[in-house]
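Enquirer: As input, take coords_28.txt (compact mmCIF, C-alpha atoms and all ligand atoms):
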```txt
# COMPACT_ATOMS: atom_id res chain seq x y z
CA MET A 9 10.56 -23.67 10.41
CA PRO A 10 9.98 -19.90 10.95
CA SER A 11 12.26 -18.14 13.44
CA ALA A 12 10.81 -16.66 16.65
CA ALA A 13 11.15 -13.18 15.13
CA ASP A 14 9.28 -14.29 11.97
CA THR A 15 6.45 -15.53 14.17
CA TYR A 16 6.47 -12.45 16.39
CA TYR A 17 6.08 -10.12 13.40
CA SER A 18 3.67 -12.23 11.36
CA ALA A 19 0.01 -11.33 10.82
CA GLU A 20 -0.67 -15.05 10.45
CA ALA A 21 0.59 -15.75 13.98
CA TRP A 22 -1.56 -12.92 15.41
CA ASN A 23 -4.56 -14.20 13.43
CA THR A 24 -4.10 -17.63 15.00
CA HIS A 25 -3.73 -16.05 18.42
CA ALA A 26 -6.68 -13.63 18.07
CA PRO A 27 -9.45 -15.88 19.49
CA ASP A 28 -7.41 -16.34 22.68
CA TYR A 29 -6.03 -12.79 22.90
CA GLN A 30 -6.98 -11.13 26.19
CA HIS A 31 -6.93 -7.37 25.93
CA ARG A 32 -7.43 -7.18 29.66
CA PHE A 33 -3.62 -7.52 29.79
CA SER A 34 -3.40 -4.11 28.09
CA LEU A 35 -6.47 -2.48 29.57
CA GLY A 36 -5.13 -2.80 33.14
CA PRO A 37 -1.88 -0.90 32.49
CA LEU A 38 -3.56 1.47 30.00
CA SER A 39 -6.03 2.49 32.71
CA LEU A 40 -3.14 3.38 35.01
CA VAL A 41 -1.75 5.90 32.52
CA ALA A 42 -5.15 7.04 31.23
CA GLU A 43 -4.73 10.34 33.06
CA HIS A 44 -1.90 11.10 30.61
CA ILE A 45 -4.09 10.36 27.60
CA PHE A 46 -7.54 11.77 28.31
CA PRO A 47 -6.72 15.38 29.12
CA LYS A 48 -5.15 15.54 25.63
CA LEU A 49 -8.18 13.90 24.04
CA ASP A 50 -10.61 16.09 25.98
CA ALA A 51 -8.65 19.24 25.06
CA ALA A 52 -8.69 18.26 21.39
CA LEU A 53 -12.43 17.61 21.61
CA GLU A 54 -12.96 21.02 23.15
CA GLN A 55 -11.08 22.66 20.29
CA ALA A 56 -12.66 20.67 17.47
CA SER A 57 -15.15 22.76 15.55
CA GLU A 58 -18.84 21.92 15.81
CA ALA A 59 -18.94 20.87 12.18
CA GLU A 60 -15.82 18.70 12.22
CA ALA A 61 -15.59 15.32 13.95
CA LEU A 62 -12.51 14.70 16.06
CA ARG A 63 -10.78 11.76 14.42
CA VAL A 64 -8.72 9.38 16.52
CA PHE A 65 -6.42 6.80 14.89
CA ILE A 66 -5.23 3.71 16.74
CA GLY A 67 -2.30 1.74 15.27
CA ALA A 68 -1.84 -1.97 16.09
CA GLY A 69 -5.02 -1.78 18.15
CA GLY A 70 -5.51 -5.55 18.37
CA ASP A 71 -9.04 -6.53 19.35
CA GLY A 72 -9.92 -3.16 20.82
CA ALA A 73 -8.21 -2.48 24.17
CA GLU A 74 -7.81 1.24 23.39
CA VAL A 75 -11.40 1.56 22.16
CA ALA A 76 -12.57 -0.14 25.36
CA LEU A 77 -10.50 2.34 27.39
CA ILE A 78 -12.00 5.32 25.56
CA ALA A 79 -15.52 3.89 25.87
CA MET A 80 -15.04 3.31 29.62
CA HIS A 81 -13.75 6.85 30.08
CA TYR A 82 -16.69 8.51 28.37
CA ALA A 83 -19.21 6.09 29.87
CA ALA A 84 -17.87 7.16 33.27
CA GLY A 85 -18.95 10.69 32.56
CA SER A 86 -16.08 12.92 31.49
CA GLY A 87 -16.72 14.43 28.08
CA ARG A 88 -19.54 11.99 27.51
CA GLU A 89 -21.45 14.36 25.27
CA HIS A 90 -18.62 14.16 22.73
CA LEU A 91 -19.05 10.44 22.18
CA GLY A 92 -22.44 10.89 20.59
CA LYS A 93 -21.50 14.02 18.67
CA LYS A 94 -18.05 14.39 17.34
CA LEU A 95 -15.68 11.57 18.11
CA GLN A 96 -14.71 9.14 15.36
CA ILE A 97 -12.32 6.31 16.13
CA VAL A 98 -10.51 4.17 13.58
CA SER A 99 -8.65 1.28 15.22
CA THR A 100 -6.38 -0.68 12.89
CA ASP A 101 -4.46 -3.94 13.08
CA PHE A 102 -2.76 -6.03 10.39
CA ALA A 103 -4.36 -9.23 11.76
CA SER A 104 -7.86 -9.46 10.28
CA ALA A 105 -8.94 -11.92 12.98
CA MET A 106 -8.27 -9.18 15.56
CA THR A 107 -10.30 -6.48 13.78
CA GLU A 108 -13.12 -8.94 12.97
CA LYS A 109 -13.27 -10.04 16.63
CA ALA A 110 -13.41 -6.39 17.74
CA THR A 111 -16.11 -5.52 15.17
CA LYS A 112 -18.24 -8.46 16.27
CA ALA A 113 -17.90 -7.53 19.95
CA LEU A 114 -18.89 -3.92 19.19
CA GLN A 115 -21.92 -5.06 17.18
CA GLU A 116 -23.01 -7.25 20.08
CA ARG A 117 -22.37 -4.75 22.87
CA ALA A 118 -23.19 -1.41 21.25
CA PRO A 119 -25.19 -2.06 18.05
CA ALA A 120 -26.19 1.59 17.62
CA ILE A 121 -22.58 2.82 17.75
CA ALA A 122 -21.49 -0.02 15.45
CA ALA A 123 -24.20 0.94 12.94
CA SER A 124 -23.27 4.63 13.12
CA GLY A 125 -19.75 3.93 11.86
CA GLN A 126 -18.40 6.18 14.60
CA ILE A 127 -16.03 3.42 15.72
CA LYS A 128 -14.41 1.31 13.01
CA PHE A 129 -11.96 -1.57 13.20
CA ILE A 130 -10.01 -1.80 9.97
CA THR A 131 -7.41 -4.35 8.88
CA ALA A 132 -4.31 -2.37 7.88
CA ASP A 133 -0.54 -2.58 8.26
CA VAL A 134 0.55 0.46 10.28
CA GLN A 135 3.89 0.43 8.44
CA ALA A 136 2.11 1.10 5.12
CA LEU A 137 -1.45 2.31 5.65
CA GLY A 138 -1.92 3.16 1.99
CA PRO A 139 -4.18 5.62 0.18
CA ASP A 140 -7.33 4.67 2.12
CA PHE A 141 -5.76 6.65 4.96
CA ALA A 142 -5.57 10.22 3.72
CA ASP A 143 -2.69 12.54 4.62
CA GLU A 144 -3.34 14.70 7.70
CA SER A 145 -6.75 13.24 8.44
CA PHE A 146 -6.53 12.45 12.19
CA HIS A 147 -6.39 14.82 15.17
CA LEU A 148 -4.97 12.28 17.62
CA SER A 149 -3.07 9.04 17.03
CA LEU A 150 -2.54 6.34 19.64
CA PHE A 151 0.17 3.74 19.20
CA THR A 152 -0.05 2.02 22.57
CA PHE A 153 1.56 -1.38 23.10
CA GLY A 154 2.38 -1.17 19.41
CA PRO A 155 5.97 0.01 18.76
CA ALA A 156 7.63 -3.10 20.21
CA TYR A 157 5.43 -5.43 18.14
CA VAL A 158 5.90 -3.92 14.70
CA LYS A 159 8.77 -5.09 12.51
CA ASP A 160 9.66 -1.64 11.18
CA PRO A 161 8.49 0.83 13.86
CA GLU A 162 10.29 3.76 12.20
CA ALA A 163 8.13 3.23 9.08
CA ALA A 164 5.05 2.97 11.31
CA PHE A 165 5.81 6.29 13.03
CA LYS A 166 6.31 7.97 9.63
CA GLU A 167 2.94 6.65 8.45
CA ILE A 168 1.29 7.85 11.63
CA ARG A 169 2.92 11.26 11.13
CA ARG A 170 1.60 11.35 7.54
CA ILE A 171 -2.00 10.75 8.56
CA THR A 172 -1.89 13.03 11.65
CA LYS A 173 -2.97 16.64 11.11
CA PRO A 174 -0.34 19.33 11.74
CA GLY A 175 -0.80 20.29 15.38
CA GLY A 176 -2.31 16.85 16.07
CA ARG A 177 -0.81 14.63 18.70
CA ILE A 178 0.65 11.13 18.87
CA ILE A 179 0.71 9.17 22.13
CA THR A 180 2.66 5.94 22.50
CA LEU A 181 2.95 3.52 25.38
CA SER A 182 5.44 0.72 25.87
CA TRP A 183 6.47 -1.61 28.64
CA LYS A 184 9.97 -1.17 29.98
CA THR A 185 9.92 -3.96 32.51
CA MET A 186 7.26 -6.28 33.85
CA SER A 187 7.65 -8.66 36.76
CA LEU A 188 6.01 -11.61 34.99
CA ILE A 189 8.56 -11.35 32.17
CA ASP A 190 11.42 -10.83 34.65
CA ASP A 191 10.37 -14.11 36.29
CA ALA A 192 10.28 -15.83 32.91
CA ASP A 193 13.72 -14.42 32.04
CA ARG A 194 15.08 -15.73 35.33
CA ALA A 195 13.63 -19.17 34.57
CA ARG A 196 15.15 -19.05 31.05
CA ARG A 197 18.56 -18.27 32.51
CA MET A 198 18.25 -21.24 34.89
CA ILE A 199 17.53 -23.50 31.93
CA LEU A 200 19.73 -22.00 29.19
CA GLY A 201 22.56 -20.46 31.22
CA GLU A 202 23.35 -17.16 32.88
CA ASP A 203 24.37 -15.38 29.66
CA THR A 204 20.94 -15.93 28.06
CA PRO A 205 19.74 -12.54 26.79
CA SER A 206 16.59 -11.17 28.36
CA VAL A 207 13.44 -11.27 26.25
CA TYR A 208 12.91 -7.58 26.96
CA GLY A 209 16.51 -6.85 26.06
CA THR A 210 16.13 -8.35 22.61
CA LEU A 211 12.69 -7.14 21.60
CA VAL A 212 10.98 -4.71 23.91
CA GLY A 213 13.85 -3.10 25.81
CA LYS A 214 14.66 -0.12 23.59
CA TRP A 215 11.05 1.07 23.83
CA GLY A 216 11.59 1.37 27.56
CA ASP A 217 14.23 3.98 26.83
CA GLU A 218 12.86 7.53 26.86
CA ALA A 219 15.66 8.82 24.58
CA HIS A 220 14.94 6.12 22.00
CA ASN A 221 11.23 6.99 21.95
CA LYS A 222 12.06 10.68 21.56
CA ALA A 223 14.58 10.08 18.77
CA VAL A 224 12.18 7.93 16.73
CA LEU A 225 9.33 10.42 17.17
CA ALA A 226 11.60 13.30 16.12
CA ALA A 227 12.87 11.40 13.07
CA ALA A 228 9.27 10.78 12.02
CA GLY A 229 8.50 14.52 12.12
CA PHE A 230 6.99 15.08 15.54
CA ALA A 231 7.97 18.05 17.73
CA GLU A 232 7.50 19.16 21.37
CA ILE A 233 8.21 15.57 22.34
CA GLU A 234 8.02 14.39 25.92
CA ALA A 235 8.66 10.94 27.33
CA LYS A 236 7.96 9.85 30.89
CA THR A 237 8.56 6.65 32.80
CA PHE A 238 5.99 5.36 35.31
CA GLU A 239 6.36 2.64 37.92
CA ILE A 240 3.09 0.77 38.21
CA THR A 241 1.66 -1.96 40.40
CA LEU A 242 -1.27 -3.93 39.13
CA GLU A 243 -3.51 -6.30 40.98
CA GLY A 244 -3.55 -9.67 39.21
CA THR A 245 -7.29 -9.20 38.74
CA ASP A 246 -6.58 -6.12 36.60
CA LEU A 247 -5.08 -8.58 34.12
CA VAL A 248 -6.82 -11.89 34.74
CA GLU A 249 -10.35 -12.68 35.86
CA ASP A 250 -10.25 -14.49 39.20
CA SER A 251 -12.16 -17.62 38.26
CA LEU A 252 -11.25 -20.99 36.84
CA GLU A 253 -12.45 -19.80 33.41
CA GLY A 254 -10.41 -16.61 33.75
CA LEU A 255 -7.25 -18.48 34.69
CA GLU A 256 -7.75 -20.98 31.88
CA ALA A 257 -8.33 -18.17 29.39
CA ALA A 258 -5.13 -16.42 30.59
CA GLN A 259 -3.19 -19.67 30.22
CA ARG A 260 -4.53 -20.20 26.67
CA SER A 261 -3.64 -16.62 25.83
CA ALA A 262 -0.10 -17.02 27.20
CA ASP A 263 0.42 -20.36 25.44
CA SER A 264 -0.63 -19.14 21.99
CA SER A 265 0.87 -15.64 22.10
CA PRO A 266 3.39 -14.87 19.35
CA ALA A 267 5.45 -13.26 22.12
CA ILE A 268 5.79 -16.71 23.71
CA ALA A 269 7.63 -17.82 20.56
CA VAL A 270 10.38 -15.38 21.64
CA LEU A 271 10.32 -16.56 25.24
CA THR A 272 10.65 -20.21 24.22
CA ASP A 273 13.05 -19.58 21.32
CA GLY A 274 15.99 -22.01 21.39
CA LEU A 275 14.35 -24.27 23.97
CA THR A 276 13.78 -27.99 23.34
CA ALA A 277 10.30 -29.37 24.02
CA GLU A 278 11.55 -30.61 27.39
CA GLN A 279 13.01 -27.22 28.28
CA ARG A 280 9.72 -25.55 27.34
CA ILE A 281 7.97 -27.76 29.88
CA GLN A 282 10.69 -26.93 32.43
CA LEU A 283 10.09 -23.22 31.77
CA LYS A 284 6.36 -23.59 32.29
CA VAL A 285 6.89 -25.56 35.50
CA ALA A 286 9.42 -23.00 36.79
CA ARG A 287 6.94 -20.16 36.20
CA GLN A 288 4.12 -22.09 37.92
CA LYS A 289 6.45 -22.92 40.80
CA LYS A 290 7.22 -19.25 41.32
CA LEU A 291 3.49 -18.54 41.70
CA GLN A 292 3.11 -21.55 43.99
CA GLU A 293 6.01 -20.41 46.20
CA ASN A 294 4.15 -17.17 46.80
CA ASN A 295 0.89 -19.02 47.29
CA VAL A 296 -0.83 -17.05 44.53
CA THR A 297 -2.40 -17.58 41.13
CA LEU A 298 -1.97 -15.23 38.19
CA ALA A 299 -5.18 -13.54 39.30
CA THR A 300 -4.05 -12.93 42.87
CA ALA A 301 -0.38 -12.12 42.22
CA LYS A 302 0.67 -8.48 42.26
CA VAL A 303 2.35 -7.44 39.03
CA THR A 304 4.85 -4.62 39.00
CA GLY A 305 6.22 -2.91 35.96
CA THR A 306 7.54 0.19 34.28
CA LEU A 307 5.80 1.94 31.43
CA VAL A 308 7.05 4.66 29.13
CA VAL A 309 4.55 7.15 27.71
CA ALA A 310 5.80 9.40 24.90
CA HIS A 311 3.94 12.07 23.03
CA GLY A 312 4.60 14.67 20.40
CA ILE A 313 2.90 17.11 18.08
CA ALA A 314 2.89 16.69 14.31
CA ALA A 315 5.03 19.59 13.17
C1 LIG A 401 0.41 -6.91 22.08
S1 LIG A 401 -0.74 -6.60 20.81
C2 LIG A 401 -1.36 -5.02 21.31
C3 LIG A 401 -2.70 -4.74 20.78
C4 LIG A 401 -3.39 -3.53 21.44
N1 LIG A 401 -2.63 -2.31 21.22
C5 LIG A 401 -3.52 -3.81 22.92
O1 LIG A 401 -2.82 -3.13 23.71
O2 LIG A 401 -4.27 -4.72 23.29
C6 LIG A 401 0.26 -6.19 19.42
C7 LIG A 401 -0.57 -6.03 18.16
O3 LIG A 401 0.27 -5.52 17.12
C8 LIG A 401 -0.27 -5.98 15.90
N2 LIG A 401 0.72 -5.73 14.85
C9 LIG A 401 1.97 -6.20 14.74
N3 LIG A 401 2.56 -5.72 13.63
C10 LIG A 401 1.66 -4.90 13.03
C11 LIG A 401 1.68 -4.11 11.85
N4 LIG A 401 2.76 -4.07 11.06
N5 LIG A 401 0.58 -3.39 11.53
C12 LIG A 401 -0.53 -3.42 12.33
N6 LIG A 401 -0.61 -4.17 13.45
C13 LIG A 401 0.48 -4.90 13.79
C14 LIG A 401 -0.58 -7.44 16.21
O4 LIG A 401 -1.46 -8.03 15.27
C15 LIG A 401 -1.16 -7.32 17.61
O5 LIG A 401 -2.56 -7.22 17.57
```
Would it be possible to restate this file's structure as structure tokens?
Ligand SMILES: C[S@@+](CC[C@H](N)C(=O)[O-])C[C@H]1O[C@@H](n2cnc3c(N)ncnc32)[C@H](O)[C@@H]1O
Expert:
Amino acid sequence: MPSAADTYYSAEAWNTHAPDYQHRFSLGPLSLVAEHIFPKLDAALEQASEAEALRVFIGAGGDGAEVALIAMHYAAGSGREHLGKKLQIVSTDFASAMTEKATKALQERAPAIAASGQIKFITADVQALGPDFADESFHLSLFTFGPAYVKDPEAAFKEIRRITKPGGRIITLSWKTMSLIDDADRARRMILGEDTPSVYGTLVGKWGDEAHNKAVLAAAGFAEIEAKTFEITLEGTDLVEDSLEGLEAAQRSADSSPAIAVLTDGLTAEQRIQLKVARQKKLQENNVTLATAKVTGTLVVAHGIAA
């Protein structure tokens, strides 16, 4: 029987989860910090020479949340001319079912862009990208909602440094706290006892620490590092579509997420049901569904320049 950590870090588990994965969960919070990403992207686009395409790398990009964010930004107007001309995006994930799902969606929604090769989804382990990813070949690297999910994040940051051009920028984004997980932690403590460690404490917590982000970026060879913490409030509908289908899809996504293996680690089958009931009860008490509940959280954005 694999441990929760084995599941959390396994490409197999993410492959199984891929059909149910809802990148709306990332797109909502990503949109709230987009203003800290796009000025950097736009500035890099401005500086890129006419002849050279601006190359953006995305590590652990799942089924395309970051690409969707970039597409929405340019579709909305700002810097739109660059999308046709110079921008090349390579979004990677070690779960092939994620990159295949993203490729299929792009082919269906934007066949001309898919055919142009301007946006590519490639199956690759960000800890060891290998020779297909040349040294110093990307102007901007995004590793958003990635660091806390990768088994050896230090190795991942070194790889990202290797493929980022000197003077190029890395931007990372991690949750520090999120009310839905706080509720789940509270329910876990009710079931397992008050000294039960928080799920964030064990896996995600250190990425909510600005100093930790800075230290890892510095060790990987980035300079001029900044890290900032943002309090955010999301409408439930930023994360979940307010319809029966939307709620069912969110439930399927939550049930099959490798992160849930960590949440339910050490619980008997009966306790898992108790946990689910406790979380539903919390929503019921507030007379809301996942789609109508407000979600609060804290995000840490860190960025640095490849020295
Ligand atoms: C929570 S998802 C985030 C995906 C995307 N960044 C988003 O915000 O929607 C975490 C992703 O990390 C990927 N992942 C975990 N370890 C990885 C690794 N070593 N290399 C590449 N991807 C990895 C998983 O397959 C999963 O798609």
Enquirer: Residues within 6 Å of ligand LIG 401 (chain A) should be enumerated using only C-alpha atoms and all ligand atoms and returned as a list in words.
Expert: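 The neighbouring residues of ligand LIG 401 (chain A) are, in order, Tyr17, Ala19, Trp22, His31, Ser34, Ala68, Gly69, Gly70, Ala73, Asp101, Phe102, Ala103, Ala132, Asp133, Val134, Gln135, Thr152, Phe153, Gly154, Tyr157 and Val158 of chain A.
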Enquirer: Could you pull the residues within 8 Å of range 249-255 of chain A, counting all atoms listed in the file, minus those fewer than 2 positions along the same chain, as a PyMOL selection string?
Expert: chain A and resi 245-247+257-259+298-300
Enquirer: Using all atoms listed in the file, which of A:Gln126, A:Met106, A:Gln55, A:His311 sits nearest Ala79 in chain A?
Expert: A:Gln126
Enquirer: For Ala228 in chain A, which of A:Asp190, A:Glu278, A:Glu162, A:Asp273 is the closest residue, counting all atoms listed in the file?
Expert: A:Glu162
Enquirer: A:Ile66, A:Ala122, A:Val41, A:Ala231: which is nearest Ala164 in chain A, counting only C-alpha atoms?
Expert: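 Among the listed residues, the smallest separation from Ala164 in chain A belongs to A:Ile66.
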Enquirer: In Å, how far is it from CA of Gly244 in chain A to CA of Leu188 in chain A?
Expert: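 Taking CA of Gly244 in chain A and CA of Leu188 in chain A, their separation equals 10.6 Å.
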Enquirer: Calculated over all atoms listed in the file, which of the candidates A:Ala26, A:Ala163, A:Ile178, A:Leu200 has the smallest distance to Gly274 in chain A?
Expert: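 Using all atoms listed in the file, the shortest distance to Gly274 in chain A belongs to A:Leu200.
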Enquirer: Report the centre and edge lengths, in Å to one decimal, of an axis-aligned box enclosing every atom of range 224-238 of chain A listed in the file, padded by 6 Å on each side, as JSON.
Expert:
```
{"center_x": 9.4, "center_y": 12.3, "center_z": 23.7, "size_x": 18.9, "size_y": 25.8, "size_z": 35.3}
```
Enquirer: Which residues come within 12 Å of Leu225 in chain A, counting only C-alpha atoms, excluding same-chain residues fewer than 3 positions away, as a compact mmCIF listing (two decimals) with C-alpha atoms, in the frame of the given file?
Expert:
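Dumped everything to around-v6.txt:
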```
# COMPACT_ATOMS: atom_id res chain seq x y z
CA PHE A 151 0.17 3.74 19.20
CA PRO A 155 5.97 0.01 18.76
CA PRO A 161 8.49 0.83 13.86
CA GLU A 162 10.29 3.76 12.20
CA ALA A 163 8.13 3.23 9.08
CA ALA A 164 5.05 2.97 11.31
CA PHE A 165 5.81 6.29 13.03
CA LYS A 166 6.31 7.97 9.63
CA GLU A 167 2.94 6.65 8.45
CA ILE A 168 1.29 7.85 11.63
CA ARG A 169 2.92 11.26 11.13
CA ARG A 177 -0.81 14.63 18.70
CA ILE A 178 0.65 11.13 18.87
CA ILE A 179 0.71 9.17 22.13
CA THR A 180 2.66 5.94 22.50
CA TRP A 215 11.05 1.07 23.83
CA GLU A 218 12.86 7.53 26.86
CA ALA A 219 15.66 8.82 24.58
CA HIS A 220 14.94 6.12 22.00
CA ASN A 221 11.23 6.99 21.95
CA LYS A 222 12.06 10.68 21.56
CA ALA A 228 9.27 10.78 12.02
CA GLY A 229 8.50 14.52 12.12
CA PHE A 230 6.99 15.08 15.54
CA ALA A 231 7.97 18.05 17.73
CA GLU A 232 7.50 19.16 21.37
CA ILE A 233 8.21 15.57 22.34
CA GLU A 234 8.02 14.39 25.92
CA ALA A 235 8.66 10.94 27.33
CA ALA A 310 5.80 9.40 24.90
CA HIS A 311 3.94 12.07 23.03
CA GLY A 312 4.60 14.67 20.40
CA ILE A 313 2.90 17.11 18.08
CA ALA A 314 2.89 16.69 14.31
CA ALA A 315 5.03 19.59 13.17
```
Enquirer: Of the residues A:Ala226, A:Leu307, A:Ala301, A:Met198, which is the one nearest to Val212 in chain A, using all atoms listed in the file?
Expert: A:Leu307
Enquirer: Show which residues sit within 10 Å of Ala142 in chain A, as number ranges by chain. Count only C-alpha atoms, and ignore same-chain residues fewer than 6 positions away.
Expert: A: 170-172
Enquirer: Reconstruct N, CA and C atoms of range 49-72 of chain A from the incomplete input and present them as an mmCIF file, keeping the file's coordinate frame.
Expert:
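Saved to rebuild_0.cif:
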```cif
data_model
loop_
_atom_site.group_PDB
_atom_site.id
_atom_site.type_symbol
_atom_site.label_atom_id
_atom_site.label_comp_id
_atom_site.auth_asym_id
_atom_site.auth_seq_id
_atom_site.Cartn_x
_atom_site.Cartn_y
_atom_site.Cartn_z
ATOM 1 N N LEU A 49 -7.017 14.199 24.884
ATOM 2 C CA LEU A 49 -8.180 13.900 24.040
ATOM 3 C C LEU A 49 -9.306 14.896 24.324
ATOM 4 N N ASP A 50 -9.550 15.147 25.614
ATOM 5 C CA ASP A 50 -10.610 16.090 25.980
ATOM 6 C C ASP A 50 -10.321 17.489 25.442
ATOM 7 N N ALA A 51 -9.018 17.903 25.544
ATOM 8 C CA ALA A 51 -8.650 19.240 25.060
ATOM 9 C C ALA A 51 -8.869 19.323 23.554
ATOM 10 N N ALA A 52 -8.514 18.258 22.845
ATOM 11 C CA ALA A 52 -8.690 18.260 21.390
ATOM 12 C C ALA A 52 -10.182 18.308 21.056
ATOM 13 N N LEU A 53 -10.978 17.596 21.845
ATOM 14 C CA LEU A 53 -12.430 17.610 21.610
ATOM 15 C C LEU A 53 -13.002 19.007 21.830
ATOM 16 N N GLU A 54 -12.486 19.671 22.869
ATOM 17 C CA GLU A 54 -12.960 21.020 23.150
ATOM 18 C C GLU A 54 -12.690 21.947 21.975
ATOM 19 N N GLN A 55 -11.496 21.744 21.364
ATOM 20 C CA GLN A 55 -11.080 22.660 20.290
ATOM 21 C C GLN A 55 -11.724 22.328 18.948
ATOM 22 N N ALA A 56 -12.123 21.074 18.776
ATOM 23 C CA ALA A 56 -12.660 20.670 17.470
ATOM 24 C C ALA A 56 -13.898 21.518 17.167
ATOM 25 N N SER A 57 -14.011 21.904 15.894
ATOM 26 C CA SER A 57 -15.150 22.760 15.550
ATOM 27 C C SER A 57 -16.425 21.929 15.596
ATOM 28 N N GLU A 58 -17.542 22.605 15.737
ATOM 29 C CA GLU A 58 -18.840 21.920 15.810
ATOM 30 C C GLU A 58 -19.058 21.039 14.592
ATOM 31 N N ALA A 59 -18.640 21.566 13.426
ATOM 32 C CA ALA A 59 -18.940 20.870 12.180
ATOM 33 C C ALA A 59 -18.041 19.640 11.981
ATOM 34 N N GLU A 60 -16.825 19.714 12.536
ATOM 35 C CA GLU A 60 -15.820 18.700 12.220
ATOM 36 C C GLU A 60 -15.756 17.649 13.330
ATOM 37 N N ALA A 61 -15.751 16.363 12.941
ATOM 38 C CA ALA A 61 -15.590 15.320 13.950
ATOM 39 C C ALA A 61 -14.124 15.231 14.346
ATOM 40 N N LEU A 62 -13.879 14.944 15.622
ATOM 41 C CA LEU A 62 -12.510 14.700 16.060
ATOM 42 C C LEU A 62 -12.156 13.267 15.704
ATOM 43 N N ARG A 63 -11.121 13.104 14.900
ATOM 44 C CA ARG A 63 -10.780 11.760 14.420
ATOM 45 C C ARG A 63 -9.573 11.207 15.164
ATOM 46 N N VAL A 64 -9.782 10.028 15.763
ATOM 47 C CA VAL A 64 -8.720 9.380 16.520
ATOM 48 C C VAL A 64 -8.289 8.117 15.780
ATOM 49 N N PHE A 65 -6.979 7.986 15.551
ATOM 50 C CA PHE A 65 -6.420 6.800 14.890
ATOM 51 C C PHE A 65 -5.744 5.940 15.952
ATOM 52 N N ILE A 66 -5.930 4.635 15.854
ATOM 53 C CA ILE A 66 -5.230 3.710 16.740
ATOM 54 C C ILE A 66 -4.454 2.717 15.872
ATOM 55 N N GLY A 67 -3.142 2.669 16.041
ATOM 56 C CA GLY A 67 -2.300 1.740 15.270
ATOM 57 C C GLY A 67 -2.042 0.488 16.072
ATOM 58 N N ALA A 68 -2.070 -0.678 15.423
ATOM 59 C CA ALA A 68 -1.840 -1.970 16.090
ATOM 60 C C ALA A 68 -2.770 -2.103 17.301
ATOM 61 N N GLY A 69 -4.042 -1.822 17.067
ATOM 62 C CA GLY A 69 -5.020 -1.780 18.150
ATOM 63 C C GLY A 69 -5.590 -3.133 18.559
ATOM 64 N N GLY A 70 -5.083 -4.212 17.967
ATOM 65 C CA GLY A 70 -5.510 -5.550 18.370
ATOM 66 C C GLY A 70 -7.010 -5.714 18.299
ATOM 67 N N ASP A 71 -7.581 -6.301 19.354
ATOM 68 C CA ASP A 71 -9.040 -6.530 19.350
ATOM 69 C C ASP A 71 -9.771 -5.468 20.169
ATOM 70 N N GLY A 72 -9.131 -4.286 20.335
ATOM 71 C CA GLY A 72 -9.920 -3.160 20.820
ATOM 72 C C GLY A 72 -9.665 -2.681 22.237
#
```
